[in-house]
Each structure stands twice: as C-alpha cells, then as structure tokens.
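Encoded as structure tokens, the structure appears first; notes follow it.
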Amino acid sequence: MRKIQMVDLVGQYADIREEVRKSFDSILESAAFINGPEVKAFQEDLEAYLGVKHVIPCANGTDALQIAMMGLGLKPGDEVITADFTFAATVEVIALLGLTPVLVDVEPDTFNIDTEAVRKAITPKTRAIVPVHLFGQCADMETLLEIAREHDLFLIEDNAQAIGANYLFSDGRLQKAGAIGHVGATSFFPSKNLGAYGDGGALFTDDDALAHRIRGIVNHGMYQRYYHDVVGVNSRLDSLQAAVLRAKLPHLDRYCEKRRAAARYYNASFKDQEGISVPTTVRSCEGICDTCDCHVFHQYTLRIGGGKRDALAKRLTEAGIPHGIYYPVPLHRQKAYADARYKESDFAVTNQLSEEVISLPMHTELDEEQLAYICRTVLEFIEQAEPSSGLI
C-alpha cells in the first residue's frame with residue numbers, strides 16, 4: 001500500500017505536469033511575473049466557472065477577507081457576525097481593521113453558522129455577516145440572505161473551503177459557493193480543493209462599483225500608476241501561481257467528485273456505527289448521493305463521541321494514518337479573541353465539536369486499499385474500546 005497522505009499534491013501534480021511546466025517556461029521567458037497574461041486569463045476562466053461578473057485575484061485568502069471588508073467601507077466599531085467554529089483568519093481580519101467581531105455558535109450537523117444565533121446577535125451596530133462554508137459546503141445562504149435584506153447588512157462569504165460547491169435554493173436555482181452574497185473571498189493555499197503551489201486568493205462579486213474599489217485596494221489604492229485614489233494594500237496573485245490554478249481549474253469538478261467518492265466510501269463504512277457521526281449534507285439527504293454537488297469535502301470530518309476522540313487520534317498516528325483536528329480550541333476561548341461579552345452557554349455546540357471532531361485523509365489520490373485500511377483502523381479501535389476504560 002502506498003503511504004497515506006493527508007493531502008497528496010505530488011500525485012495530483014503528475015496529471016498536470018506538462019501543462020504547468022509549459023506555462024512556467026513561458027512566464028520565465030517573458031518575465032511577466034506580476035499581473036501578467038496568465039493572471040488575466042485565470043481571472044476570466046474563474047469568472048466563467050463561477051458565473052460571476054468579477055473575480056479579483058489577490059495574494060492570499062486572509063487578504064481577500066480583509067479587502068472585502070475594506071471595499072464595503074466597514075469602519076472601526078462596526079460589528080461583524082461570524083462563526084465561532086472556524087480558522088482564526090476569519091475573525092483575525094475583523095480585529096485588524098478595528099471592527100468588532102461577534103462570534104456565534106454553529107449547527108451540530110453541518111458545522112456551519114447557526115442562522116438563529118445570527119438573528120439573536122444583531123444589534124444597531126451590526127454591519128455584516130461572514131458565513132464560513134466550512135469543510136466544503138455552503139452555510140444556509142437562503143436564510144442568511146433574508147436576514148441580510150431584513151436588516152440591511154452585507155453578506156461576505158468565506159469560501160476558502162468550498163470552491164466548486166453548488167448551493168440549491170428552495171426554488172430550484174443553483175449558485176456556486178462564493179458567488180451568492182455581496183462578495184465572496186477564497187484561498188488558493190496548496191491544500192485547498194483548488195490550490196496553488198504557494199499562497200494565493202481571490203474575491204468574487206457581481207457588484208460593479210464594489211469590484212472597482214477592490215481592484216484599487218489590492219494594488220496600493222492605484223487605478224493609474226502613482227495616483228492613489230483609495231487606501232490600499234499590496235496583495236496580488238503572481239503569474240506562476242495563476243498558471244498552476246489555470247491548469248487545475250478545468251479539473252476542479254473532477255477533483256471534487258473524487259473527494260465525494262472517498263466520502264461515500266467513508267460514510268458507507270461508518271454508517272450506523274455507534275459512537276461515530278458521519279458528515280451530513282446541507283439538505284440532510286441520505287448519505288452522499290451520486291448526483292450530490294452541494295459538498296466538495298475539503299475535509300472529511302467525523303464526530304467521535306464518548307470522550308474517545310483523542311485516543312482515536314493516537315491510534316491513527318500509531319497506524320501511520322495522518323489526521324487533523326479542525327478545530328481544537330473555539331475562537332471565543334482563544335487569548336487573542338476572548339471577550340467578556342461571551343458566555344459559554346452560547347457556544348454549546350462549538351464547545352462539544354472541539355472535543356469530538358477528527359478529520360480523516362481526504363484528497364484526489366486516495367485509492368480503495370488506503371480507504372479500506374483507514375476505515376478498518378477506525379472501526380477496530382471503536383470495537384476494541386471498552387466502556388470501563390472511559391473511552392466510550
């Protein structure tokens with residue numbers, strides 16, 4: 001059996017090697033390293049894929065979130081509601097801009113932001129909501145859009161983990177994750193479903209005026225060289241990374257389907273197993289159907305009950321199986337973001353998830369032998385754990 005990787009970028013590269021090398025040679029020979037033709041071409045390709053009017057590439061996903069908030073004109077003291085159960089970058093940029101982060105709990109099944117908690121958190125100072133499409137599927141965007149319209153709020157999608165996913169509205173409409181709210185932000189970190197070979201990010205919007213402001217912000221506030229019309233930052237996607245992303249984009253749907261196939265294998269293996277909760281899709285359909293495209297499984301995350309998650313993690317390490325715990329400490333408990341406003345009772349789901357979640361290997365190169373070994377190891381651990389040991 002091949003060595004199991006949490007993410008196998010080497011195997012994925014083999015499939016696109018020639019195209020990437022050809023593009024790299026062209027860029028190196030032209031020396032068009034910044035804002036070159038590859039960046040423009042990738043931007044246009046991604047606009048077509050997402051069905052969005054404007055894609056603005058930038059240096060990384062964290063910058064994308066910050067620039068989105070700058071472009072919307074959020075001011076110090078404005079409140080921004082986001083999920084407690086996510087990576088720190090989402091709340092980090094809120095704090096960096098002098099805005100007031102307002103953390104709320106998440107749903108126990110999808111891990112995405114709890115829309116009722118959002119409603120309760122709105123105050124006269126609230127200006128924006130930032131749903132995080134965690135682990136590969138959209139938050140309840142239909143409800144969030146209603147809330148945003150009702151309270152005249154901006155909706156900023158953190159789409160770092162769900163690019164390629166579709167969101168199904170109740171009237172049958174489909175929209176791509178990240179292209180639903182006022183603006184979407186994504187990361188092209190190498191391990192993402194659409195990943196570069198270094199850092200990269202992008203913003204998406206259908207708003208012409210907002211796109212214009214963002215294009216200035218990413219380039220030192222310039223629309224004409226040495227004329228600074230707005231306060232900006234230096235955040236550009238370089239041509240080499242754009243070339244990698246452009247080579248990968250035509251394969252993104254296939255990559256996502258390979259991840260879903262692995263997820264179906266996992267789900268079938270763990271179905272009805274006491275002590276294991278498998279991922280559920282946003283529409284709570286049975287399993288992961290063959291036509292399902294609402295979840296792209298950036299991570300495949302189990303909930304392990306009975307206080308035995310950490311023991312399972314140890315067993316997986318012993319068996320040579322990489323894994324991740326996303327996330328072990330809720331944001332409201334982090335030193336940087338602790339606030340007297342928060343009550344532990346408001347984060348019951350997040351607190352429990354932080355003690356139960358564990359993510360198994362998930363990428364495009366997993367084969368059945370590896371999947372079988374991973375599942376067998378997990379199931380053997382569950383079966384061997386004794387109630388008296390405190391693991392169940």
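Every chain in the structure tokens has a letter given in the order shown (A, B, ...), and although residue numbers restart at 1 in each chain, ligands are simply numbered from 1 in the order shown.
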Using DSSP secondary structure from the backbone, list all strand (DSSP E or B) positions within stretch 96-248 of chain A, as a PyMOL selection string.
chain A and resi 100-104+106+113+126-130+132+137+154-158+166-168+174-176+183-187+201-205+219+222-224+227-228+234+238
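Residues lying within 9 Å of A:Leu74, counting only C-alpha atoms and ignoring same-chain neighbours fewer than 4 positions away, are Met69, Met70, Asp78, Glu79, Leu97, Leu99, Arg127 and Ala128 of chain A.
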Residues within 8 Å of stretch 204-213 of chain A, please, as an NGL selection string. Count only C-alpha atoms; anything in the same chain fewer than 5 positions from it doesn't count.
:A and (52-56 or 71-72 or 178-179 or 181-185 or 230)
Among stretch 147-304 of chain A, which residues carry a DSSP assignment of helix (DSSP H, G or I), reported as an MDAnalysis selection string?
chainID A and resid 147:151 208:217 239:270
Listing only residues of stretch 241-313 of chain A within 10 Å of stretch 132-143 of chain A, what is the closest atom pair and its distance in Å (to one decimal) for each, using only C-alpha atoms, sorted by chain and residue number ascending, as JSON lines?
{"residue": "A:Cys256", "atom": "CA", "partner": "A:Gly136", "partner_atom": "CA", "distance": 9.5}
{"residue": "A:Pro279", "atom": "CA", "partner": "A:Phe135", "partner_atom": "CA", "distance": 9.7}
{"residue": "A:Thr280", "atom": "CA", "partner": "A:Gln137", "partner_atom": "CA", "distance": 9.8}
{"residue": "A:Thr281", "atom": "CA", "partner": "A:Gln137", "partner_atom": "CA", "distance": 7.4}
{"residue": "A:Val282", "atom": "CA", "partner": "A:Gln137", "partner_atom": "CA", "distance": 7.0}
{"residue": "A:Arg283", "atom": "CA", "partner": "A:Asp140", "partner_atom": "CA", "distance": 9.5}
{"residue": "A:Asp293", "atom": "CA", "partner": "A:Gln137", "partner_atom": "CA", "distance": 9.0}
{"residue": "A:Cys294", "atom": "CA", "partner": "A:Gln137", "partner_atom": "CA", "distance": 5.9}
{"residue": "A:His295", "atom": "CA", "partner": "A:Gln137", "partner_atom": "CA", "distance": 4.5}
{"residue": "A:Val296", "atom": "CA", "partner": "A:Gly136", "partner_atom": "CA", "distance": 4.8}
{"residue": "A:Phe297", "atom": "CA", "partner": "A:Gly136", "partner_atom": "CA", "distance": 4.6}
{"residue": "A:His298", "atom": "CA", "partner": "A:Gly136", "partner_atom": "CA", "distance": 5.0}
{"residue": "A:Gln299", "atom": "CA", "partner": "A:Phe135", "partner_atom": "CA", "distance": 4.9}
{"residue": "A:Tyr300", "atom": "CA", "partner": "A:Phe135", "partner_atom": "CA", "distance": 7.2}
{"residue": "A:Thr301", "atom": "CA", "partner": "A:Phe135", "partner_atom": "CA", "distance": 7.7}
Grab the residues selected above and save them as a PDB file, in the first residue's frame with N, CA, C and O atoms.
ATOM      1  N   CYS A 256     -13.421  17.387  -7.223  1.00  0.00           N
ATOM      2  CA  CYS A 256     -14.474  17.376  -6.205  1.00  0.00           C
ATOM      3  C   CYS A 256     -15.227  16.053  -6.204  1.00  0.00           C
ATOM      4  O   CYS A 256     -15.597  15.538  -5.137  1.00  0.00           O
ATOM      5  N   PRO A 279     -20.411  12.932   8.327  1.00  0.00           N
ATOM      6  CA  PRO A 279     -20.849  14.233   7.801  1.00  0.00           C
ATOM      7  C   PRO A 279     -22.219  14.135   7.138  1.00  0.00           C
ATOM      8  O   PRO A 279     -22.576  13.107   6.557  1.00  0.00           O
ATOM      9  N   THR A 280     -22.968  15.212   7.247  1.00  0.00           N
ATOM     10  CA  THR A 280     -24.261  15.301   6.580  1.00  0.00           C
ATOM     11  C   THR A 280     -24.230  16.470   5.614  1.00  0.00           C
ATOM     12  O   THR A 280     -23.500  17.444   5.813  1.00  0.00           O
ATOM     13  N   THR A 281     -24.994  16.378   4.538  1.00  0.00           N
ATOM     14  CA  THR A 281     -25.057  17.477   3.585  1.00  0.00           C
ATOM     15  C   THR A 281     -26.063  18.513   4.050  1.00  0.00           C
ATOM     16  O   THR A 281     -26.897  18.261   4.920  1.00  0.00           O
ATOM     17  N   VAL A 282     -25.980  19.680   3.453  1.00  0.00           N
ATOM     18  CA  VAL A 282     -26.793  20.809   3.901  1.00  0.00           C
ATOM     19  C   VAL A 282     -28.282  20.523   3.788  1.00  0.00           C
ATOM     20  O   VAL A 282     -29.094  21.040   4.553  1.00  0.00           O
ATOM     21  N   ARG A 283     -28.683  19.698   2.832  1.00  0.00           N
ATOM     22  CA  ARG A 283     -30.090  19.337   2.669  1.00  0.00           C
ATOM     23  C   ARG A 283     -30.444  18.067   3.428  1.00  0.00           C
ATOM     24  O   ARG A 283     -31.538  17.548   3.300  1.00  0.00           O
ATOM     25  N   ASP A 293     -23.825  17.655  -5.420  1.00  0.00           N
ATOM     26  CA  ASP A 293     -22.711  18.564  -5.679  1.00  0.00           C
ATOM     27  C   ASP A 293     -22.710  19.728  -4.696  1.00  0.00           C
ATOM     28  O   ASP A 293     -22.088  20.747  -4.941  1.00  0.00           O
ATOM     29  N   CYS A 294     -23.435  19.557  -3.576  1.00  0.00           N
ATOM     30  CA  CYS A 294     -23.507  20.634  -2.589  1.00  0.00           C
ATOM     31  C   CYS A 294     -22.339  20.580  -1.602  1.00  0.00           C
ATOM     32  O   CYS A 294     -22.124  21.523  -0.851  1.00  0.00           O
ATOM     33  N   HIS A 295     -21.602  19.475  -1.591  1.00  0.00           N
ATOM     34  CA  HIS A 295     -20.481  19.314  -0.666  1.00  0.00           C
ATOM     35  C   HIS A 295     -19.262  18.860  -1.460  1.00  0.00           C
ATOM     36  O   HIS A 295     -19.335  17.895  -2.222  1.00  0.00           O
ATOM     37  N   VAL A 296     -18.149  19.561  -1.291  1.00  0.00           N
ATOM     38  CA  VAL A 296     -16.935  19.213  -2.042  1.00  0.00           C
ATOM     39  C   VAL A 296     -15.841  18.648  -1.141  1.00  0.00           C
ATOM     40  O   VAL A 296     -14.726  18.417  -1.584  1.00  0.00           O
ATOM     41  N   PHE A 297     -16.147  18.445   0.130  1.00  0.00           N
ATOM     42  CA  PHE A 297     -15.278  17.721   1.068  1.00  0.00           C
ATOM     43  C   PHE A 297     -13.825  18.192   1.044  1.00  0.00           C
ATOM     44  O   PHE A 297     -12.911  17.422   0.783  1.00  0.00           O
ATOM     45  N   HIS A 298     -13.672  19.469   1.337  1.00  0.00           N
ATOM     46  CA  HIS A 298     -12.310  19.939   1.626  1.00  0.00           C
ATOM     47  C   HIS A 298     -11.743  19.134   2.796  1.00  0.00           C
ATOM     48  O   HIS A 298     -10.557  18.793   2.810  1.00  0.00           O
ATOM     49  N   GLN A 299     -12.587  18.858   3.763  1.00  0.00           N
ATOM     50  CA  GLN A 299     -12.248  17.929   4.845  1.00  0.00           C
ATOM     51  C   GLN A 299     -13.366  16.905   4.990  1.00  0.00           C
ATOM     52  O   GLN A 299     -14.530  17.214   4.731  1.00  0.00           O
ATOM     53  N   TYR A 300     -12.998  15.695   5.376  1.00  0.00           N
ATOM     54  CA  TYR A 300     -13.988  14.694   5.774  1.00  0.00           C
ATOM     55  C   TYR A 300     -13.874  14.565   7.292  1.00  0.00           C
ATOM     56  O   TYR A 300     -12.879  14.043   7.807  1.00  0.00           O
ATOM     57  N   THR A 301     -14.886  15.081   7.988  1.00  0.00           N
ATOM     58  CA  THR A 301     -14.798  15.250   9.433  1.00  0.00           C
ATOM     59  C   THR A 301     -15.849  14.429  10.166  1.00  0.00           C
ATOM     60  O   THR A 301     -17.051  14.613   9.956  1.00  0.00           O
TER      61      THR A 301
END
One decimal place gives the atom CA of A:Phe85-atom CA of A:Phe111 separation as 7.5 Å
